[in-house]
$ cat input_23.txt   # compact mmCIF, C-alpha atoms
# COMPACT_ATOMS: atom_id res chain seq x y z
CA MET T 1000 -26.78 8.67 12.01
CA GLY T 1001 -26.09 5.27 10.47
CA ILE T 1002 -23.70 2.66 11.89
CA ARG T 1003 -21.08 3.37 9.22
CA ALA T 1004 -21.22 7.13 9.76
CA THR T 1005 -20.89 6.59 13.53
CA ALA T 1006 -17.92 4.29 12.98
CA VAL T 1007 -16.20 6.88 10.76
CA VAL T 1008 -16.76 9.62 13.35
CA CYS T 1009 -15.43 7.37 16.15
CA LEU T 1010 -12.32 6.41 14.15
CA THR T 1011 -11.68 10.06 13.32
CA LEU T 1012 -11.99 11.03 16.98
CA VAL T 1013 -9.68 8.19 18.05
CA ALA T 1014 -7.12 9.22 15.41
CA ALA T 1015 -7.40 12.87 16.42
CA GLY T 1016 -7.06 11.88 20.07
CA CYS T 1017 -3.91 9.85 19.33
CA ALA T 1018 -2.47 12.69 17.26
CA SER T 1019 -3.10 15.31 19.96
CA ALA T 1020 -1.72 13.01 22.71
CA ASP T 1021 1.39 12.46 20.58
CA ASP T 1022 1.71 16.19 19.86
CA ALA T 1023 1.45 17.04 23.57
CA SER T 1024 4.04 14.45 24.54
CA ILE T 1025 6.41 15.53 21.75
CA THR T 1026 6.02 19.20 22.65
CA ALA T 1027 6.67 18.47 26.36
CA THR T 1028 9.78 16.41 25.58
CA THR T 1029 11.10 19.10 23.22
CA GLU T 1030 10.54 21.91 25.75
CA ARG T 1031 12.16 19.96 28.61
CA PHE T 1032 15.10 19.02 26.38
CA LEU T 1033 15.69 22.57 25.14
CA SER T 1034 15.25 24.16 28.55
CA GLY T 1035 17.72 21.65 30.03
CA ALA T 1036 20.30 22.29 27.29
CA GLY T 1037 19.73 26.05 27.34
CA GLN T 1038 19.80 26.49 31.11
CA GLY T 1039 22.81 24.39 32.00
CA ARG T 1040 20.98 21.22 33.05
CA GLY T 1041 22.87 18.85 30.77
CA GLY T 1042 21.79 15.76 32.71
CA GLN T 1043 18.12 16.52 32.06
CA ALA T 1044 18.75 17.10 28.36
CA CYS T 1045 20.86 13.96 27.93
CA LEU T 1046 18.15 11.79 29.50
CA LEU T 1047 15.82 12.98 26.72
CA LEU T 1048 18.26 12.17 23.91
CA ALA T 1049 17.90 8.95 21.89
CA PRO T 1050 20.61 6.47 22.99
CA GLU T 1051 22.48 6.71 19.65
CA ALA T 1052 22.45 10.53 19.80
CA ALA T 1053 23.70 10.52 23.40
CA ARG T 1054 26.49 8.10 22.45
CA SER T 1055 27.56 10.44 19.61
CA LEU T 1056 28.67 12.94 22.27
CA ASP T 1057 31.85 12.07 24.23
CA GLU T 1058 30.73 14.02 27.29
CA CYS T 1059 27.00 14.41 26.80
CA GLU T 1060 26.15 16.57 29.83
CA ARG T 1061 28.85 19.13 29.03
CA GLN T 1062 28.63 19.12 25.23
CA ILE T 1063 24.82 19.35 25.05
CA VAL T 1064 24.92 22.56 27.10
CA SER T 1065 27.62 24.11 24.91
CA ALA T 1066 26.01 23.04 21.61
CA GLY T 1067 24.32 26.43 21.28
CA LEU T 1068 20.76 25.03 21.05
CA ARG T 1069 18.16 27.79 21.06
CA THR T 1070 15.16 27.69 23.37
CA GLY T 1071 11.98 28.86 21.71
CA ALA T 1072 8.27 28.33 21.37
CA VAL T 1073 7.15 25.22 19.49
CA ARG T 1074 5.74 26.38 16.13
CA GLY T 1075 4.74 23.06 14.58
CA VAL T 1076 4.81 19.29 15.07
CA ASP T 1077 4.68 16.75 12.21
CA VAL T 1078 4.25 13.12 13.26
CA TRP T 1079 4.53 10.20 10.82
CA GLY T 1080 4.45 6.86 12.64
CA ASP T 1081 7.22 6.75 15.21
CA GLU T 1082 9.13 9.72 13.80
CA ALA T 1083 8.44 13.42 14.37
CA ARG T 1084 9.79 16.79 13.24
CA VAL T 1085 9.39 19.74 15.60
CA ARG T 1086 9.85 23.33 14.51
CA VAL T 1087 10.73 25.83 17.25
CA ASP T 1088 11.76 29.45 16.82
CA GLY T 1089 15.09 29.28 15.01
CA ASP T 1090 15.56 25.51 15.31
CA THR T 1091 14.30 22.17 14.06
CA LEU T 1092 14.44 18.90 16.02
CA PHE T 1093 13.73 15.27 15.06
CA LEU T 1094 12.30 12.83 17.59
CA HIS T 1095 11.73 9.06 17.62
CA ARG T 1096 9.19 7.17 19.73
CA PHE T 1097 10.86 4.53 21.91
CA PRO T 1098 8.98 2.14 24.22
CA GLU T 1099 9.77 4.53 27.10
CA GLY T 1100 8.53 7.60 25.19
CA TRP T 1101 9.63 10.23 22.65
CA ARG T 1102 13.37 10.97 22.57
CA VAL T 1103 15.37 13.53 20.59
CA ARG T 1104 17.30 12.00 17.66
CA ALA T 1105 18.63 15.27 16.30
CA ALA T 1106 18.66 18.90 17.42
CA GLY T 1107 20.05 22.21 16.22
CA CYS T 1108 19.12 21.26 12.64
CA GLU T 1109 19.41 23.55 9.62
CA PRO T 1110 17.77 22.64 6.28
CA ARG T 1111 19.99 22.04 3.24
CA PRO T 1112 18.45 22.13 -0.24
CA GLY T 1113 18.07 18.59 -1.61
CA GLN T 1114 19.89 17.04 1.34
CA PRO T 1115 19.11 15.94 4.90
CA TYR T 1116 19.17 18.59 7.63
CA GLU T 1117 22.57 19.38 9.10
CA CYS T 1118 22.36 19.04 12.87
CA GLU T 1119 24.50 20.07 15.83
CA VAL T 1120 23.53 16.86 17.62
CA GLU T 1121 22.36 13.73 15.77
CA ALA T 1122 22.32 9.97 16.11
CA MET E 1055 -21.53 -28.98 4.71
CA LYS E 1056 -19.31 -31.33 2.68
CA ARG E 1057 -21.26 -30.43 -0.44
CA LEU E 1058 -20.95 -26.74 0.31
CA ILE E 1059 -17.17 -27.07 0.62
CA ARG E 1060 -16.90 -29.15 -2.56
CA ASP E 1061 -19.08 -26.73 -4.54
CA ASN E 1062 -16.87 -23.81 -3.47
CA ALA E 1063 -13.53 -25.60 -3.25
CA LEU E 1064 -11.77 -23.36 -5.78
CA ALA E 1065 -12.65 -20.09 -4.00
CA LEU E 1066 -12.01 -21.59 -0.55
CA CYS E 1067 -8.62 -22.93 -1.63
CA PHE E 1068 -7.47 -19.54 -2.87
CA LEU E 1069 -8.91 -17.70 0.15
CA LEU E 1070 -6.99 -20.07 2.42
CA LEU E 1071 -3.79 -19.59 0.40
CA PHE E 1072 -4.36 -15.82 0.59
CA LEU E 1073 -4.71 -15.87 4.40
CA LEU E 1074 -1.67 -18.13 4.89
CA SER E 1075 0.43 -15.96 2.58
CA LEU E 1076 -0.70 -12.76 4.28
CA ALA E 1077 0.14 -14.23 7.69
CA GLY E 1078 3.55 -15.31 6.40
CA GLN E 1079 4.17 -11.87 4.87
CA SER E 1080 3.27 -10.18 8.14
CA ALA E 1081 5.66 -12.38 10.16
CA ALA E 1082 8.57 -12.06 7.71
CA GLY E 1083 7.87 -8.35 7.18
CA ALA E 1084 7.82 -7.64 10.92
CA ALA E 1085 11.19 -9.37 11.34
CA ALA E 1086 12.76 -7.48 8.41
CA PHE E 1087 11.27 -4.16 9.56
CA SER E 1088 12.62 -4.66 13.09
CA GLU E 1089 16.10 -5.47 11.77
CA GLU E 1090 16.13 -2.23 9.73
CA ARG E 1091 14.92 -0.22 12.73
CA VAL E 1092 17.54 -1.57 15.09
CA ALA E 1093 20.30 -1.08 12.50
CA GLY E 1094 19.19 2.56 12.13
CA GLY E 1095 19.38 3.23 15.86
CA GLY E 1096 15.64 2.80 16.49
CA SER E 1097 13.70 0.28 18.53
CA PRO E 1098 12.37 -3.10 17.29
CA VAL E 1099 8.65 -3.37 16.55
CA THR E 1100 6.15 -6.00 17.68
CA TRP E 1101 4.08 -8.01 15.18
CA ALA E 1102 0.97 -6.09 16.28
CA ASP E 1103 2.73 -2.76 15.70
CA TYR E 1104 3.90 -3.89 12.27
CA VAL E 1105 0.55 -5.15 10.94
CA THR E 1106 -1.04 -1.82 11.89
CA SER E 1107 1.79 0.19 10.35
CA SER E 1108 1.82 2.09 7.07
CA ALA E 1109 4.85 0.05 5.97
CA PHE E 1110 2.78 -3.18 6.02
CA ALA E 1111 -0.28 -1.48 4.51
CA VAL E 1112 1.61 -0.09 1.52
CA ASP E 1113 3.33 -3.43 0.82
CA VAL E 1114 -0.06 -5.17 0.80
CA ALA E 1115 -1.95 -2.48 -1.14
CA GLU E 1116 0.64 -2.11 -3.90
CA ASN E 1117 0.26 -5.79 -4.73
CA TRP E 1118 -3.51 -5.77 -4.51
CA GLN E 1119 -3.91 -2.82 -6.87
CA SER E 1120 -1.79 -4.44 -9.55
CA GLU E 1121 -3.69 -7.73 -9.35
CA TYR E 1122 -7.04 -5.98 -9.68
CA LEU E 1123 -5.69 -3.84 -12.53
CA GLN E 1124 -4.53 -7.01 -14.28
CA PHE E 1125 -7.98 -8.59 -14.10
CA PHE E 1126 -9.75 -5.32 -14.93
CA LEU E 1127 -7.69 -4.81 -18.11
CA TYR E 1128 -7.84 -8.47 -19.06
CA ILE E 1129 -11.63 -8.53 -18.76
CA LEU E 1130 -11.98 -5.31 -20.78
CA ILE E 1131 -9.30 -5.80 -23.44
CA THR E 1132 -10.42 -9.35 -24.30
CA VAL E 1133 -13.78 -7.86 -25.31
CA TRP E 1134 -12.07 -6.10 -28.19
CA LEU E 1135 -8.78 -7.90 -28.94
CA VAL E 1136 -8.25 -11.55 -29.86
CA GLN E 1137 -5.24 -13.86 -29.84
CA ARG E 1138 -5.41 -16.57 -32.49
CA GLY E 1139 -4.89 -20.02 -30.94
CA SER E 1140 -5.36 -18.91 -27.33
CA PRO E 1141 -8.01 -20.49 -25.10
CA GLU E 1142 -8.07 -17.15 -23.26
CA SER E 1143 -9.44 -15.37 -26.35
CA LYS E 1144 -12.59 -15.12 -28.39
CA LYS E 1145 -12.42 -16.10 -32.06
CA ARG E 1146 -11.70 -13.53 -34.76
CA GLY E 1147 -14.90 -11.84 -35.84
CA GLU E 1148 -16.38 -12.04 -32.34
CA GLU E 1149 -14.70 -8.82 -31.13
CA GLY E 1150 -16.94 -6.31 -29.41
CA LEU E 1151 -19.94 -6.34 -27.08
CA GLU E 1152 -21.91 -8.92 -29.13
CA THR E 1153 -25.68 -8.90 -29.64
CA ASP E 1154 -28.34 -9.25 -26.94
CA ALA E 1155 -29.23 -12.63 -28.45
CA GLU E 1156 -25.64 -13.86 -28.11
CA GLN E 1157 -25.46 -12.47 -24.58
CA LYS E 1158 -28.94 -13.69 -23.54
CA ALA E 1159 -29.80 -10.15 -22.47
CA GLY E 1160 -33.01 -8.09 -22.60
CA ARG E 1161 -35.83 -9.95 -24.33
CA HIS E 1162 -33.41 -12.81 -25.04
CA ALA E 1163 -32.95 -13.52 -21.34
CA GLU E 1164 -33.73 -17.08 -20.25
CA PRO E 1165 -35.89 -18.16 -17.29
CA GLY E 1166 -32.80 -18.61 -15.10
CA SER E 1167 -31.09 -15.38 -16.16
CA PRO E 1168 -30.37 -12.78 -13.46
CA ALA E 1169 -33.21 -10.23 -13.14
CA TRP E 1170 -31.05 -7.29 -14.21
CA ALA E 1171 -30.02 -9.14 -17.40
CA ALA E 1172 -33.65 -8.99 -18.49
CA ALA E 1173 -34.29 -5.47 -17.17
CA ASP E 1174 -34.30 -2.40 -19.41
CA GLY E 1175 -32.28 0.80 -19.07
CA TRP E 1176 -29.44 1.49 -16.63
CA ARG E 1177 -29.85 -1.73 -14.66
CA ARG E 1178 -29.06 -3.89 -17.70
CA THR E 1179 -26.19 -1.58 -18.67
CA VAL E 1180 -24.68 -1.72 -15.17
CA PHE E 1181 -25.13 -5.49 -14.86
CA SER E 1182 -23.65 -5.99 -18.36
CA HIS E 1183 -20.42 -4.38 -17.12
CA SER E 1184 -20.59 -5.26 -13.42
CA LEU E 1185 -17.51 -7.50 -13.41
CA GLY E 1186 -15.35 -4.84 -15.04
CA ILE E 1187 -16.81 -2.12 -12.82
CA ALA E 1188 -16.13 -4.17 -9.67
CA MET E 1189 -12.53 -4.94 -10.68
CA GLY E 1190 -11.96 -1.33 -11.75
CA LEU E 1191 -13.29 0.01 -8.44
CA LEU E 1192 -11.24 -2.49 -6.43
CA PHE E 1193 -8.17 -1.41 -8.41
CA LEU E 1194 -8.82 2.29 -7.78
CA LEU E 1195 -9.52 1.76 -4.07
CA SER E 1196 -6.39 -0.38 -3.65
CA TRP E 1197 -4.31 2.19 -5.54
CA LEU E 1198 -5.71 4.99 -3.37
CA ALA E 1199 -4.92 2.92 -0.26
CA GLN E 1200 -1.38 2.41 -1.60
CA SER E 1201 -0.97 6.16 -2.06
CA VAL E 1202 -2.22 6.99 1.46
CA ALA E 1203 -0.27 4.22 3.22
CA GLY E 1204 2.74 4.89 0.99
CA LEU E 1205 2.67 8.57 1.92
CA ALA E 1206 2.75 7.69 5.63
CA ALA E 1207 5.54 5.13 5.19
CA TYR E 1208 7.54 7.48 2.93
CA ASN E 1209 7.24 10.41 5.34
CA ASN E 1210 8.24 8.15 8.24
CA GLU E 1211 11.40 7.26 6.30
CA GLN E 1212 11.94 10.90 5.33
CA LEU E 1213 11.91 11.97 8.97
CA ALA E 1214 14.16 9.06 9.95
CA ARG E 1215 16.64 10.37 7.33
CA LEU E 1216 16.32 13.92 8.76
CA GLU E 1217 14.47 15.15 5.67
CA ASP E 1218 11.19 17.07 5.34
CA PRO E 1219 7.91 15.17 4.87
CA VAL E 1220 5.92 15.68 1.63
CA GLY E 1221 2.18 16.15 0.91
CA TRP E 1222 -0.10 13.63 -0.91
CA GLY E 1223 0.34 15.48 -4.21
CA GLY E 1224 4.10 15.41 -3.82
CA TYR E 1225 4.04 11.70 -2.99
CA VAL E 1226 1.89 10.53 -5.93
CA THR E 1227 4.29 12.28 -8.31
CA SER E 1228 7.36 10.92 -6.51
CA ALA E 1229 9.77 8.27 -7.74
CA ASP E 1230 8.92 6.08 -4.71
CA PHE E 1231 5.21 5.90 -5.63
CA TRP E 1232 5.81 5.14 -9.30
CA ASN E 1233 8.60 2.69 -8.57
CA ARG E 1234 6.27 0.73 -6.28
CA THR E 1235 3.43 0.97 -8.83
CA LEU E 1236 5.28 0.11 -12.03
CA GLN E 1237 7.35 -2.73 -10.60
CA ASN E 1238 4.05 -4.48 -9.85
CA TRP E 1239 2.37 -3.57 -13.14
CA GLN E 1240 5.21 -4.86 -15.31
CA SER E 1241 5.14 -8.29 -13.66
CA GLU E 1242 1.36 -8.58 -14.07
CA PHE E 1243 1.46 -7.65 -17.75
CA LEU E 1244 4.31 -10.10 -18.40
CA ALA E 1245 2.38 -12.89 -16.65
CA VAL E 1246 -0.76 -12.23 -18.74
CA ALA E 1247 1.18 -12.09 -22.01
CA SER E 1248 2.96 -15.33 -21.07
CA MET E 1249 -0.34 -17.07 -20.29
CA VAL E 1250 -1.97 -15.88 -23.53
CA LEU E 1251 0.97 -17.03 -25.66
CA LEU E 1252 2.05 -20.22 -23.85
CA ALA E 1253 -1.53 -21.52 -23.76
CA ILE E 1254 -1.47 -21.59 -27.59
CA PHE E 1255 1.22 -24.28 -27.69
CA LEU E 1256 1.20 -25.92 -24.25
CA ARG E 1257 -1.50 -27.89 -22.40
CA GLU E 1258 -2.54 -28.73 -18.86
CA ARG E 1259 -4.78 -31.75 -19.05
CA GLY E 1260 -8.08 -31.20 -17.27
CA SER E 1261 -7.67 -27.49 -16.68
CA PRO E 1262 -10.36 -25.15 -18.02
CA GLN E 1263 -7.58 -22.59 -18.43
CA SER E 1264 -6.01 -24.85 -21.09
CA LYS E 1265 -7.05 -26.20 -24.43
CA ARG E 1266 -7.73 -29.92 -24.61
CA VAL E 1267 -4.54 -31.96 -25.05
CA GLY E 1268 -5.45 -32.92 -28.60
CA ASP E 1269 -6.68 -29.52 -29.75
CA PRO E 1270 -4.68 -28.04 -32.62
CA HIS E 1271 -2.44 -25.06 -31.80
CA SER E 1272 -4.49 -22.93 -34.21
CA ARG E 1273 -7.79 -23.49 -32.36
CA THR E 1274 -8.93 -20.42 -30.48
CA SER E 1275 -11.28 -20.28 -27.49
CA SER E 1276 -11.68 -23.88 -26.47
CA ALA E 1277 -11.51 -25.11 -22.92
CA GLY E 1278 -10.85 -28.61 -21.77
$ encode --input "input_23.txt" --output "structure tokens"
Amino acid sequence: MGIRATAVVCLTLVAAGCASADDASITATTERFLSGAGQGRGGQACLLLAPEAARSLDECERQIVSAGLRTGAVRGVDVWGDEARVRVDGDTLFLHRFPEGWRVRAAGCEPRPGQPYECEVEA
Amino acid sequence: MKRLIRDNALALCFLLLFLLSLAGQSAAGAAAFSEERVAGGGSPVTWADYVTSSAFAVDVAENWQSEYLQFFLYILITVWLVQRGSPESKKRGEEGLETDAEQKAGRHAEPGSPAWAAADGWRRTVFSHSLGIAMGLLFLLSWLAQSVAGLAAYNNEQLARLEDPVGWGGYVTSADFWNRTLQNWQSEFLAVASMVLLAIFLRERGSPQSKRVGDPHSRTSSAG
């Protein structure tokens, strides 16, 4: 295998490694956030919200639990730079990568034709 | 060393200007990108993050592709079209590929001619069009890079706006892609047309891109 072919393979593996590490981190954050919100652990869920999203709720720990967010298996993760969309059964979430890790920018999102998603919680 | 620099001063000057401009663009771009991020509720980015981002890549590539397209078309179109009075043009009657004798190709090659200029078959054909081929390939590669980096930057913005990402096919038919592309093309074409026309009537003494100061406006294809 030539040097260029080796370099291409290495870059592909590095990119795939980054993507899978991101996917795993995003999936873990999403599952912890949804289980916290769905099982009455508002404090846990609020810690995983982006600061702007947390500030949009007057009483985060109480409101995040009563927002009616559905817990479900993660069906797909799309990552573009520092933004991600996560599809779970019956719900869509948007996450942003902060220096401290991935945080939920919007949750409980429903698609609207030709418009941004409408979300129960959003920054 | 001094001689080497003097012999290549024109290329070195522009390469240096290119690097300084690219560095300046990266610094200013990183600052602007961070401001937008913070205003949108996100986190600021470092310079290193920005210069490895799709946002920086698409801004660079969209300008590169248009510059290479400009030179590619200029090289090709001036084979066939003339502009009376322009030092950028051949004279009327000289349109076309010209003969091997005029081009010093094939059996008309001189002792110092490149080997492929004297060669027969595909090598002479390729070498006869190598400048256009190189510019055309650089244009296509830059445009492809713009589309790939643009897709990543566009989808990043889509997700930040809580909208669905699109595929490559969707992006290259999107308004964002063609807005980025055409806003660069129009400026390049205007600049070329301006140069072709202004160089008929105006002069820059000593520049090979200009006619000689005393040349008549009607004289085509003379450098001074």
$ closest_residue --input "input_23.txt" --among "T:Ala1036, T:Ala1072, T:Leu1092, T:Ile1063" --to "chain E" --atoms "all atoms listed in the file"
T:Leu1092
$ closest_atom_pairs --input "input_23.txt" --of "chain T" --to "chain E" --cutoff "7 Å" --atoms "all atoms listed in the file" --output "CSV"
residue,atom,partner,partner_atom,distance
T:Glu1051,CA,E:Gly1095,CA,6.0
T:Trp1079,CA,E:Asn1210,CA,5.0
T:Gly1080,CA,E:Asn1210,CA,5.9
T:Glu1082,CA,E:Asn1210,CA,5.8
T:Ala1083,CA,E:Leu1213,CA,6.6
T:Arg1084,CA,E:Leu1213,CA,6.8
T:Phe1093,CA,E:Leu1216,CA,6.9
T:Phe1097,CA,E:Ser1097,CA,6.1
T:Pro1115,CA,E:Glu1217,CA,4.8
T:Tyr1116,CA,E:Leu1216,CA,5.6
$ residues_around --input "input_23.txt" --residues "Arg1061 of chain T" --least-positions-apart "5" --cutoff "10 Å" --atoms "all atoms listed in the file" --output "ChimeraX atom specification"
/T:1036,1039-1042,1045,1056,1066
$ residues_near_point --input "input_23.txt" --point "(-5.9, -31.5, -23.8)" --cutoff "10 Å" --atoms "all atoms listed in the file" --output "list in words"
Leu1256, Arg1257, Glu1258, Arg1259, Gly1260, Ser1261, Pro1262, Ser1264, Lys1265, Arg1266, Val1267, Gly1268, Asp1269, Pro1270, Ser1276, Ala1277 and Gly1278 of chain E
$ write_last_selection --input "input_23.txt" --atoms "C-alpha atoms" --output "PDB file, keeping the file's coordinate frame"
ATOM      1  CA  LEU E1256       1.200 -25.920 -24.250  1.00  0.00           C
ATOM      2  CA  ARG E1257      -1.500 -27.890 -22.400  1.00  0.00           C
ATOM      3  CA  GLU E1258      -2.540 -28.730 -18.860  1.00  0.00           C
ATOM      4  CA  ARG E1259      -4.780 -31.750 -19.050  1.00  0.00           C
ATOM      5  CA  GLY E1260      -8.080 -31.200 -17.270  1.00  0.00           C
ATOM      6  CA  SER E1261      -7.670 -27.490 -16.680  1.00  0.00           C
ATOM      7  CA  PRO E1262     -10.360 -25.150 -18.020  1.00  0.00           C
ATOM      8  CA  SER E1264      -6.010 -24.850 -21.090  1.00  0.00           C
ATOM      9  CA  LYS E1265      -7.050 -26.200 -24.430  1.00  0.00           C
ATOM     10  CA  ARG E1266      -7.730 -29.920 -24.610  1.00  0.00           C
ATOM     11  CA  VAL E1267      -4.540 -31.960 -25.050  1.00  0.00           C
ATOM     12  CA  GLY E1268      -5.450 -32.920 -28.600  1.00  0.00           C
ATOM     13  CA  ASP E1269      -6.680 -29.520 -29.750  1.00  0.00           C
ATOM     14  CA  PRO E1270      -4.680 -28.040 -32.620  1.00  0.00           C
ATOM     15  CA  SER E1276     -11.680 -23.880 -26.470  1.00  0.00           C
ATOM     16  CA  ALA E1277     -11.510 -25.110 -22.920  1.00  0.00           C
ATOM     17  CA  GLY E1278     -10.850 -28.610 -21.770  1.00  0.00           C
TER      18      GLY E1278
END
$ closest_residue --input "input_23.txt" --among "E:Ala1084, E:Met1189, E:Ile1254, E:Leu1123" --to "Thr1106 of chain E" --atoms "only C-alpha atoms"
E:Ala1084
$ atom_distance --input "input_23.txt" --atom1 "atom CA of Gly1139 of chain E" --atom2 "atom CA of Arg1273 of chain E"
4.7 Å
$ atom_distance --input "input_23.txt" --atom1 "atom CA of Val1120 of chain T" --atom2 "atom CA of Trp1101 of chain T"
16.2 Å
$ residues_near_point --input "input_23.txt" --point "(26.3, 22.2, 10.8)" --cutoff "8 Å" --atoms "only C-alpha atoms" --output "PyMOL selection string"
chain T and resi 1108-1109+1117-1119
$ atom_distance --input "input_23.txt" --atom1 "atom CA of Phe1072 of chain E" --atom2 "atom CA of Asp1113 of chain E"
14.6 Å
$ closest_residue --input "input_23.txt" --among "T:Gly1035, T:Arg1086, T:Gly1107, T:Ala1052" --to "Arg1069 of chain T" --atoms "only C-alpha atoms"
T:Gly1107
$ residues_around --input "input_23.txt" --residues "Gln1043 of chain T" --least-positions-apart "5" --cutoff "12 Å" --atoms "all atoms listed in the file" --output "list in words"
Thr1028, Thr1029, Glu1030, Arg1031, Phe1032, Leu1033, Ser1034, Gly1035, Ala1036, Gly1037, Gln1038, Leu1048, Ala1053, Cys1059, Glu1060, Arg1061, Ile1063, Val1064 and Arg1102 of chain T
$ residues_around --input "input_23.txt" --residues "Ala1085 of chain E" --least-positions-apart "4" --cutoff "12 Å" --atoms "only C-alpha atoms" --output "short mmCIF file (atom, residue, chain, number, x, y, z; two decimals) with C-alpha atoms, keeping the file's coordinate frame"
data_model
loop_
_atom_site.label_atom_id
_atom_site.label_comp_id
_atom_site.auth_asym_id
_atom_site.auth_seq_id
_atom_site.Cartn_x
_atom_site.Cartn_y
_atom_site.Cartn_z
CA GLY E 1078 3.55 -15.31 6.40
CA GLN E 1079 4.17 -11.87 4.87
CA SER E 1080 3.27 -10.18 8.14
CA ALA E 1081 5.66 -12.38 10.16
CA GLU E 1089 16.10 -5.47 11.77
CA GLU E 1090 16.13 -2.23 9.73
CA ARG E 1091 14.92 -0.22 12.73
CA VAL E 1092 17.54 -1.57 15.09
CA PRO E 1098 12.37 -3.10 17.29
CA VAL E 1099 8.65 -3.37 16.55
CA THR E 1100 6.15 -6.00 17.68
CA TRP E 1101 4.08 -8.01 15.18
CA ALA E 1102 0.97 -6.09 16.28
CA ASP E 1103 2.73 -2.76 15.70
CA TYR E 1104 3.90 -3.89 12.27
CA VAL E 1105 0.55 -5.15 10.94
CA PHE E 1110 2.78 -3.18 6.02
#
$ residues_around --input "input_23.txt" --residues "Gln1157 of chain E" --least-positions-apart "4" --cutoff "12 Å" --atoms "all atoms listed in the file" --output "list in words"
Glu1148, Gly1150, Leu1151, Glu1152, Thr1153, Arg1161, His1162, Ala1163, Glu1164, Ser1167, Ala1171, Ala1172, Arg1178, Phe1181 and Ser1182 of chain E
$ residues_around --input "input_23.txt" --residues "Thr1227 of chain E" --least-positions-apart "6" --cutoff "12 Å" --atoms "only C-alpha atoms" --output "PDB file with C-alpha atoms, in the frame of the given file"
ATOM      1  CA  SER E1201      -0.970   6.160  -2.060  1.00  0.00           C
ATOM      2  CA  GLY E1204       2.740   4.890   0.990  1.00  0.00           C
ATOM      3  CA  LEU E1205       2.670   8.570   1.920  1.00  0.00           C
ATOM      4  CA  VAL E1220       5.920  15.680   1.630  1.00  0.00           C
ATOM      5  CA  GLY E1221       2.180  16.150   0.910  1.00  0.00           C
ATOM      6  CA  ASN E1233       8.600   2.690  -8.570  1.00  0.00           C
ATOM      7  CA  ARG E1234       6.270   0.730  -6.280  1.00  0.00           C
ATOM      8  CA  THR E1235       3.430   0.970  -8.830  1.00  0.00           C
TER       9      THR E1235
END
$ closest_residue --input "input_23.txt" --among "E:Tyr1122, E:Gln1237, E:Ser1140, E:Glu1156" --to "Ile1187 of chain E" --atoms "all atoms listed in the file"
E:Tyr1122
$ closest_residue --input "input_23.txt" --among "T:Ser1055, T:Thr1091, T:Gln1114, T:Val1103" --to "Thr1070 of chain T" --atoms "all atoms listed in the file"
T:Thr1091
$ closest_residue --input "input_23.txt" --among "E:Leu1058, E:Asp1174, E:Ala1253, E:Thr1132" --to "Asp1154 of chain E" --atoms "all atoms listed in the file"
E:Asp1174
